[in-house]
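Peer 1: Sharing protein21.cif here; it has mmCIF, C-alpha atoms.
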```cif
data_input
loop_
_atom_site.label_atom_id
_atom_site.label_comp_id
_atom_site.auth_asym_id
_atom_site.auth_seq_id
_atom_site.Cartn_x
_atom_site.Cartn_y
_atom_site.Cartn_z
CA MET A 1 207.54 72.11 128.52
CA GLU A 2 204.39 70.80 126.86
CA LYS A 3 204.16 71.24 123.10
CA LEU A 4 201.69 74.02 122.38
CA PHE A 5 200.57 73.00 118.87
CA GLU A 6 201.80 72.21 115.37
CA ILE A 7 202.49 75.38 113.38
CA LEU A 8 201.57 75.13 109.70
CA HIS A 9 202.49 78.71 108.76
CA GLU A 10 203.43 81.94 110.47
CA ASP A 11 204.16 85.46 109.28
CA ALA A 12 203.61 88.99 110.58
CA ASP A 13 199.83 88.85 110.07
CA LEU A 14 198.77 85.23 110.19
CA LEU A 15 199.35 82.05 112.19
CA ALA A 16 197.96 78.73 110.92
CA ILE A 17 197.75 75.88 113.44
CA ASN A 18 196.85 72.20 113.44
CA LYS A 19 194.64 72.18 116.55
CA PRO A 20 194.93 69.05 118.69
CA ALA A 21 191.80 67.03 119.37
CA GLY A 22 190.42 67.40 122.90
CA LEU A 23 191.38 71.09 123.20
CA VAL A 24 188.79 73.86 123.51
CA CYS A 25 189.33 77.04 121.50
CA HIS A 26 188.47 79.47 124.31
CA PRO A 27 189.24 79.10 128.02
CA THR A 28 186.71 77.74 130.47
CA LYS A 29 188.91 76.84 133.42
CA GLY A 30 192.23 75.22 134.05
CA ASP A 31 195.83 76.17 133.35
CA VAL A 32 197.33 78.12 130.47
CA TYR A 33 197.53 74.95 128.37
CA SER A 34 193.81 74.21 128.64
CA SER A 35 192.64 76.27 125.62
CA LEU A 36 193.97 77.02 122.17
CA ILE A 37 193.85 80.81 122.56
CA SER A 38 195.80 80.58 125.83
CA ARG A 39 198.48 78.53 124.07
CA VAL A 40 198.55 81.04 121.22
CA ARG A 41 199.23 83.82 123.72
CA LEU A 42 202.03 81.79 125.26
CA HIS A 43 203.53 81.41 121.78
CA LEU A 44 203.12 85.03 120.71
CA GLY A 45 203.76 86.74 124.04
CA ASP A 46 201.46 88.79 126.27
CA ALA A 47 201.89 91.98 124.24
CA ALA A 48 200.76 90.40 120.97
CA THR A 49 197.27 90.58 119.49
CA ALA A 50 195.60 87.27 118.67
CA HIS A 51 192.18 86.63 117.08
CA LEU A 52 190.82 83.17 116.23
CA VAL A 53 189.43 83.55 112.70
CA ASN A 54 187.64 80.19 112.70
CA ARG A 55 186.81 77.70 115.45
CA LEU A 56 186.46 73.96 115.83
CA ASP A 57 184.63 71.86 118.40
CA ARG A 58 186.71 70.66 121.31
CA GLU A 59 187.05 67.13 119.92
CA THR A 60 187.67 68.16 116.30
CA SER A 61 191.29 68.53 115.23
CA GLY A 62 192.66 70.45 112.30
CA VAL A 63 193.40 73.77 110.64
CA ILE A 64 192.65 76.96 112.54
CA LEU A 65 193.71 80.46 111.52
CA VAL A 66 194.86 83.12 113.98
CA ALA A 67 195.01 86.75 112.86
CA LYS A 68 197.62 88.97 114.49
CA SER A 69 195.80 92.25 113.85
CA PRO A 70 192.18 93.46 113.91
CA GLU A 71 192.45 94.30 110.21
CA ALA A 72 193.54 90.81 109.19
CA ASP A 73 190.92 89.30 111.48
CA ALA A 74 188.09 91.33 109.92
CA ALA A 75 189.19 90.59 106.36
CA LEU A 76 189.57 86.85 106.91
CA LYS A 77 186.30 86.53 108.83
CA LYS A 78 184.56 88.30 105.97
CA LEU A 79 185.84 85.62 103.58
CA PHE A 80 184.36 82.92 105.83
CA ALA A 81 181.06 84.82 106.11
CA LEU A 82 180.85 85.18 102.32
CA ARG A 83 181.64 81.45 101.93
CA ARG A 84 184.78 82.18 99.96
CA VAL A 85 186.85 79.71 101.97
CA GLU A 86 187.02 76.15 100.68
CA LYS A 87 186.94 73.67 103.57
CA GLU A 88 187.66 69.97 103.51
CA TYR A 89 187.31 67.59 106.45
CA LEU A 90 188.16 63.94 106.98
CA ALA A 91 185.58 61.88 108.85
CA ILE A 92 185.23 58.24 109.87
CA ALA A 93 181.60 57.13 109.81
CA HIS A 94 179.90 53.95 110.95
CA GLY A 95 178.84 51.59 108.17
CA HIS A 96 179.69 51.40 104.48
CA PHE A 97 178.41 54.32 102.43
CA GLY A 98 176.43 53.04 99.45
CA PRO A 99 177.18 55.72 96.83
CA ASP A 100 180.69 57.01 96.27
CA THR A 101 179.37 60.57 96.56
CA ALA A 102 176.40 62.04 98.38
CA VAL A 103 175.01 65.49 99.09
CA CYS A 104 172.85 66.22 102.14
CA GLU A 105 170.79 69.40 102.17
CA ALA A 106 168.63 68.71 105.24
CA PRO A 107 167.83 71.97 107.10
CA LEU A 108 169.16 72.30 110.65
CA GLY A 109 167.82 73.89 113.82
CA LYS A 110 167.56 73.49 117.57
CA ASP A 111 166.57 70.06 118.90
CA GLU A 112 163.81 71.03 121.30
CA GLN A 113 163.36 67.43 122.49
CA ALA A 114 166.96 66.96 123.56
CA VAL A 115 168.08 66.94 127.16
CA ILE A 116 171.30 68.70 126.11
CA ALA A 117 170.81 72.39 125.30
CA ILE A 118 173.49 72.66 122.62
CA LYS A 119 172.08 69.84 120.50
CA ASP A 120 170.62 70.62 117.07
CA CYS A 121 168.79 68.40 114.61
CA VAL A 122 167.25 68.14 111.13
CA ARG A 123 163.94 70.01 111.09
CA PRO A 124 161.77 71.34 108.23
CA ASP A 125 161.88 74.93 109.48
CA GLY A 126 165.64 74.88 110.05
CA ALA A 127 168.38 76.86 108.35
CA VAL A 128 169.45 75.90 104.84
CA SER A 129 172.46 73.57 105.02
CA LYS A 130 174.50 71.62 102.49
CA THR A 131 177.25 69.03 102.95
CA GLU A 132 179.05 67.07 100.22
CA PHE A 133 180.48 63.62 101.02
CA THR A 134 182.99 61.62 98.99
CA VAL A 135 184.09 58.11 99.92
CA ALA A 136 187.86 57.86 100.37
CA GLN A 137 187.92 54.30 101.73
CA ARG A 138 185.50 51.65 102.92
CA PHE A 139 186.98 49.26 105.47
CA THR A 140 186.00 46.60 107.95
CA ARG A 141 187.33 46.04 111.46
CA PRO A 142 186.34 43.53 114.17
CA GLU A 143 184.01 46.24 115.52
CA GLY A 144 182.10 46.53 112.22
CA ASN A 145 182.05 48.34 108.88
CA PHE A 146 183.31 51.91 108.50
CA THR A 147 183.88 54.56 105.81
CA LEU A 148 186.58 57.21 105.60
CA LEU A 149 185.01 60.28 104.00
CA ARG A 150 186.21 63.52 102.49
CA VAL A 151 183.67 66.13 103.50
CA ARG A 152 183.00 69.59 102.08
CA PRO A 153 180.51 71.73 104.02
CA HIS A 154 178.99 74.44 101.81
CA SER A 155 177.34 76.16 104.77
CA GLY A 156 178.63 76.72 108.27
CA ARG A 157 175.88 75.52 110.61
CA LYS A 158 176.67 74.33 114.11
CA HIS A 159 177.53 70.59 114.19
CA GLN A 160 176.50 70.41 110.52
CA ILE A 161 178.70 67.50 109.42
CA ARG A 162 177.87 65.44 112.49
CA ILE A 163 174.10 65.94 112.18
CA HIS A 164 174.04 65.25 108.44
CA LEU A 165 175.99 62.03 108.97
CA GLN A 166 173.51 60.95 111.65
CA HIS A 167 170.64 61.87 109.30
CA LEU A 168 172.14 59.70 106.55
CA GLY A 169 172.36 56.74 108.93
CA HIS A 170 176.16 56.83 109.23
CA PRO A 171 177.00 58.62 112.49
CA LEU A 172 180.51 59.79 113.16
CA VAL A 173 182.66 57.30 115.06
CA GLY A 174 183.21 58.47 118.63
CA ASP A 175 180.45 61.10 118.52
CA LYS A 176 179.09 61.37 122.06
CA LEU A 177 176.24 63.73 121.16
CA TYR A 178 174.94 62.53 117.79
CA GLY A 179 175.96 58.87 117.96
CA GLY A 180 172.62 57.69 119.32
CA ASP A 181 173.09 57.92 123.09
CA GLU A 182 173.08 61.35 124.75
CA GLY A 183 174.12 59.67 127.99
CA LEU A 184 177.63 59.35 126.60
CA TYR A 185 177.91 63.13 126.29
CA LEU A 186 176.55 63.71 129.78
CA ALA A 187 178.96 61.16 131.25
CA PHE A 188 181.84 62.77 129.35
CA VAL A 189 181.01 66.29 130.60
CA LEU A 190 180.83 65.00 134.16
CA ARG A 191 184.10 63.05 133.68
CA GLN A 192 182.24 59.84 134.48
CA LEU A 193 182.71 57.81 131.31
CA SER A 194 182.88 54.14 132.26
CA ALA A 195 185.23 51.60 130.73
CA GLU A 196 182.24 50.05 128.93
CA GLN A 197 181.24 53.42 127.47
CA ARG A 198 184.78 54.05 126.24
CA VAL A 199 184.80 50.69 124.49
CA ARG A 200 181.48 51.56 122.79
CA LEU A 201 182.86 54.88 121.55
CA LEU A 202 185.90 53.10 120.00
CA LEU A 203 187.97 56.30 119.82
CA PRO A 204 189.07 58.95 122.33
CA CYS A 205 187.54 61.79 120.33
CA GLN A 206 184.99 62.08 117.54
CA ALA A 207 186.65 61.10 114.25
CA LEU A 208 186.45 64.49 112.53
CA HIS A 209 189.47 66.42 111.28
CA ALA A 210 189.59 69.79 109.49
CA ALA A 211 192.15 68.78 106.89
CA ARG A 212 192.29 71.77 104.55
CA LEU A 213 191.45 75.45 104.11
CA ALA A 214 191.93 77.33 100.82
CA PHE A 215 191.09 80.93 99.91
CA SER A 216 192.26 84.04 98.07
CA TRP A 217 193.45 86.96 100.19
CA ARG A 218 195.61 90.00 99.53
CA GLY A 219 196.01 89.10 95.88
CA GLN A 220 197.30 85.57 96.34
CA ALA A 221 196.06 82.03 96.84
CA TRP A 222 196.46 80.51 100.31
CA GLU A 223 196.14 76.86 101.22
CA PHE A 224 196.78 75.13 104.52
CA SER A 225 196.51 71.41 105.15
CA ALA A 226 197.16 69.17 108.15
CA SER A 227 197.22 65.44 108.87
CA PRO A 228 194.96 63.79 111.46
CA GLU A 229 196.34 62.49 114.74
CA THR A 230 197.82 59.03 115.17
CA TRP A 231 194.71 57.43 116.71
CA PHE A 232 192.62 58.54 113.70
CA ASN A 233 195.06 57.13 111.14
CA ASP A 234 195.60 53.94 113.15
CA PHE A 235 191.87 53.22 113.22
CA VAL A 236 191.66 53.46 109.42
CA ALA A 237 194.79 51.31 109.08
CA GLY A 238 193.21 48.55 111.14
CA GLU A 239 195.23 48.95 114.32
CA PRO A 240 193.48 47.74 117.49
CA ALA A 241 191.27 50.34 119.15
CA SER A 242 192.29 50.86 122.77
CA PRO A 243 189.91 51.92 125.56
CA ASP A 244 192.93 53.16 127.55
CA TRP A 245 192.64 56.79 126.49
CA ALA A 246 195.24 59.39 127.30
CA GLU A 247 194.34 61.61 130.24
CA LYS A 248 194.12 64.73 128.07
CA TYR A 249 191.07 63.34 126.25
CA VAL A 250 189.03 62.58 129.36
#
```
Would you put the structure from the file into structure tokens?
Peer 2:
Amino acid sequence: MEKLFEILHEDADLLAINKPAGLVCHPTKGDVYSSLISRVRLHLGDAATAHLVNRLDRETSGVILVAKSPEADAALKKLFALRRVEKEYLAIAHGHFGPDTAVCEAPLGKDEQAVIAIKDCVRPDGAVSKTEFTVAQRFTRPEGNFTLLRVRPHSGRKHQIRIHLQHLGHPLVGDKLYGGDEGLYLAFVLRQLSAEQRVRLLLPCQALHAARLAFSWRGQAWEFSASPETWFNDFVAGEPASPDWAEKYV
């Protein structure tokens, strides 16, 4: 039986999961293993209630909360809406960041010039957005210079971290949409990524991991953290990048 996911915490009201990279949150098509919510239902049983409190992009791994009742779901989603949840991500960006810390407040909105409908961009009339970046490690590989970053988004805009990194001139490694060539995303969606394109991307998924969530709820402090997947850590450690991706990422 395929492993469903890594469980970080579980009680009568709450399930905290380390979502694998390459897994969508909600079903599109495929078997019962093809989405996170389907796997949650396999874990909890058909009679159980399950609500995803927060979501991550398909390629982003990390901490996701699942509420087991409508009441817990509403309360936790309210904390997110009121920005009372502290979030921290790990990201691998192209190039060496100059400053050890940086804050990007570029406003975000729909990219009306993009071929891909879901793509957003920095635009003067966009929504207020703020992302804080802290350098964890600068490193060099045969493929070039890179920076491991700790990232704290202070707003929750779509693709916020990825767009702000692109705007700063340090796009996320493996980003098929904001890495400078939209053709990579189109090829990926059509399952037509070539060997050359995979080599250019360096990694099987975009190098973004939701590492930590912290908040106060029901009179106590809660904190959940999770480690990135092996390919993420290996890249930082200097292990060779392989274009031979596992089937689940393609």
Peer 1: Show me the residues around (198.7, 78.1, 119.2) - criterion: an atom at most 10 Å away, only C-alpha atoms counted - as a list in words.
Peer 2: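 In the file's frame, the residues around the point are Lys3, Leu4, Phe5, Glu6, Ile7, Leu15, Ala16, Ile17, Asn18, Lys19, Pro20, Cys25, Tyr33, Ser35, Leu36, Ile37, Ser38, Arg39, Val40, Arg41, Leu42, His43, Leu44, Ala50, Leu52, Ile64, Leu65 and Val66 of chain A.
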Peer 1: Mind checking which residues fall within 9 Å of Ile161 (chain A), counting all atoms listed in the file, ignoring those fewer than 6 positions away in the same chain, and posting them as a list in words?
Peer 2: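 Listed by chain and then number, they are Ala91, Thr131, Val151, Arg152, Pro153, Leu172 and Leu208 of chain A.
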Peer 1: Residues picked by the PyMOL selection byres ((chain A and resi 57) around 10) here, as a ChimeraX atom specification?
Peer 2: /A:21-25,55-56,58-61,158-159,206,208
Peer 1: Which residue gives the smallest distance to Val189 (chain A) among A:Ala207, A:Ile116, A:Phe224, A:Gln166, with all atoms listed in the file counted?
Peer 2: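 Closest to Val189 (chain A), using all atoms listed in the file: A:Ile116.
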Peer 1: Please indicate the distance in Å from CA of His209 (chain A) to CA of Pro228 (chain A), rounded to one decimal place.
Peer 2: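 Going from CA of His209 (chain A) over to CA of Pro228 (chain A), I get 6.1 Å.
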Peer 1: Excluding same-chain residues fewer than 3 positions from region 77-90 of chain A, what lies within 8 Å of it counting all atoms listed in the file, as a PyMOL selection string?
Peer 2: chain A and resi 53-54+73-74+148-155+207-216
Peer 1: Give me a file of those residues, with C-alpha atoms, as a JSON list (two decimals), in the frame of the given file.
Peer 2:
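out.json was written with the following content:
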```
[["chain", "number", "residue", "atom", "x", "y", "z"],
["A", 53, "VAL", "CA", 189.43, 83.55, 112.70],
["A", 54, "ASN", "CA", 187.64, 80.19, 112.70],
["A", 73, "ASP", "CA", 190.92, 89.30, 111.48],
["A", 74, "ALA", "CA", 188.09, 91.33, 109.92],
["A", 148, "LEU", "CA", 186.58, 57.21, 105.60],
["A", 149, "LEU", "CA", 185.01, 60.28, 104.00],
["A", 150, "ARG", "CA", 186.21, 63.52, 102.49],
["A", 151, "VAL", "CA", 183.67, 66.13, 103.50],
["A", 152, "ARG", "CA", 183.00, 69.59, 102.08],
["A", 153, "PRO", "CA", 180.51, 71.73, 104.02],
["A", 154, "HIS", "CA", 178.99, 74.44, 101.81],
["A", 155, "SER", "CA", 177.34, 76.16, 104.77],
["A", 207, "ALA", "CA", 186.65, 61.10, 114.25],
["A", 208, "LEU", "CA", 186.45, 64.49, 112.53],
["A", 209, "HIS", "CA", 189.47, 66.42, 111.28],
["A", 210, "ALA", "CA", 189.59, 69.79, 109.49],
["A", 211, "ALA", "CA", 192.15, 68.78, 106.89],
["A", 212, "ARG", "CA", 192.29, 71.77, 104.55],
["A", 213, "LEU", "CA", 191.45, 75.45, 104.11],
["A", 214, "ALA", "CA", 191.93, 77.33, 100.82],
["A", 215, "PHE", "CA", 191.09, 80.93, 99.91],
["A", 216, "SER", "CA", 192.26, 84.04, 98.07]]
```
Peer 1: May I have the protein, DNA and RNA residues with any atom at most 8 Å from the point (184.9, 53.5, 103.4), counting only C-alpha atoms, written as a list in words?
Peer 2: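 Residues with an atom close enough to that point: Gly95, His96, Phe97, Val135, Ala136, Gln137, Arg138, Phe139, Phe146, Thr147, Leu148 and Leu149 of chain A.
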Peer 1: Evaluate the PyMOL selection byres ((chain A and resi 173-183) around 9) against this structure - the residues, as an MDAnalysis selection string, please.
Peer 2: chainID A and resid 91:94 114:116 119 146 162:163 165:166 170:172 184:188 198 200:208
Peer 1: For the selection you just gave me, I'd like the residues written to a file as an mmCIF file, in the frame of the given file, keeping C-alpha atoms.
Peer 2:
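To be explicit, this is the file written out as selection.cif:
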```
data_model
loop_
_atom_site.group_PDB
_atom_site.id
_atom_site.type_symbol
_atom_site.label_atom_id
_atom_site.label_comp_id
_atom_site.auth_asym_id
_atom_site.auth_seq_id
_atom_site.Cartn_x
_atom_site.Cartn_y
_atom_site.Cartn_z
ATOM 1 C CA ALA A 91 185.580 61.880 108.850
ATOM 2 C CA ILE A 92 185.230 58.240 109.870
ATOM 3 C CA ALA A 93 181.600 57.130 109.810
ATOM 4 C CA HIS A 94 179.900 53.950 110.950
ATOM 5 C CA ALA A 114 166.960 66.960 123.560
ATOM 6 C CA VAL A 115 168.080 66.940 127.160
ATOM 7 C CA ILE A 116 171.300 68.700 126.110
ATOM 8 C CA LYS A 119 172.080 69.840 120.500
ATOM 9 C CA PHE A 146 183.310 51.910 108.500
ATOM 10 C CA ARG A 162 177.870 65.440 112.490
ATOM 11 C CA ILE A 163 174.100 65.940 112.180
ATOM 12 C CA LEU A 165 175.990 62.030 108.970
ATOM 13 C CA GLN A 166 173.510 60.950 111.650
ATOM 14 C CA HIS A 170 176.160 56.830 109.230
ATOM 15 C CA PRO A 171 177.000 58.620 112.490
ATOM 16 C CA LEU A 172 180.510 59.790 113.160
ATOM 17 C CA LEU A 184 177.630 59.350 126.600
ATOM 18 C CA TYR A 185 177.910 63.130 126.290
ATOM 19 C CA LEU A 186 176.550 63.710 129.780
ATOM 20 C CA ALA A 187 178.960 61.160 131.250
ATOM 21 C CA PHE A 188 181.840 62.770 129.350
ATOM 22 C CA ARG A 198 184.780 54.050 126.240
ATOM 23 C CA ARG A 200 181.480 51.560 122.790
ATOM 24 C CA LEU A 201 182.860 54.880 121.550
ATOM 25 C CA LEU A 202 185.900 53.100 120.000
ATOM 26 C CA LEU A 203 187.970 56.300 119.820
ATOM 27 C CA PRO A 204 189.070 58.950 122.330
ATOM 28 C CA CYS A 205 187.540 61.790 120.330
ATOM 29 C CA GLN A 206 184.990 62.080 117.540
ATOM 30 C CA ALA A 207 186.650 61.100 114.250
ATOM 31 C CA LEU A 208 186.450 64.490 112.530
#
```
Peer 1: Just how far from CA of Ala226 (chain A) is CA of Val63 (chain A), in Å to one decimal?
Peer 2: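 Result for CA of Val63 (chain A) versus CA of Ala226 (chain A): 6.4 Å, one decimal.
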Peer 1: Can you list every residue of region 131-224 of chain A that has an atom at most 8 Å from region 99-104 of chain A, with its nearest atom pair and the distance in Å to one decimal, using all atoms listed in the file, ordered by chain then number, as CSV?
Peer 2:
```
residue,atom,partner,partner_atom,distance
A:Thr131,CA,A:Cys104,CA,5.3
A:Glu132,CA,A:Val103,CA,4.5
A:Phe133,CA,A:Ala102,CA,5.1
A:Thr134,CA,A:Thr101,CA,4.5
A:Val135,CA,A:Asp100,CA,5.1
A:His164,CA,A:Cys104,CA,6.5
A:Leu168,CA,A:Cys104,CA,7.9
```
Peer 1: For Cys121 (chain A), work out the shell of residues within 7 Å, counting all atoms listed in the file and skipping chain neighbours fewer than 5 positions away, then give it as a short mmCIF file (atom, residue, chain, number, x, y, z; two decimals) with C-alpha atoms, in the frame of the given file.
Peer 2:
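Listing of selection.cif after writing:
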```cif
data_model
loop_
_atom_site.label_atom_id
_atom_site.label_comp_id
_atom_site.auth_asym_id
_atom_site.auth_seq_id
_atom_site.Cartn_x
_atom_site.Cartn_y
_atom_site.Cartn_z
CA LEU A 108 169.16 72.30 110.65
CA GLY A 109 167.82 73.89 113.82
CA LYS A 110 167.56 73.49 117.57
CA ASP A 111 166.57 70.06 118.90
CA ILE A 163 174.10 65.94 112.18
#
```
Peer 1: Env of Thr49 (chain A): 9 Å cut, atoms = only C-alpha atoms, seq-sep filter 2 positions within chain, self excluded. Answer as a ChimeraX atom specification.
Peer 2: /A:41,44-47,51,67-70
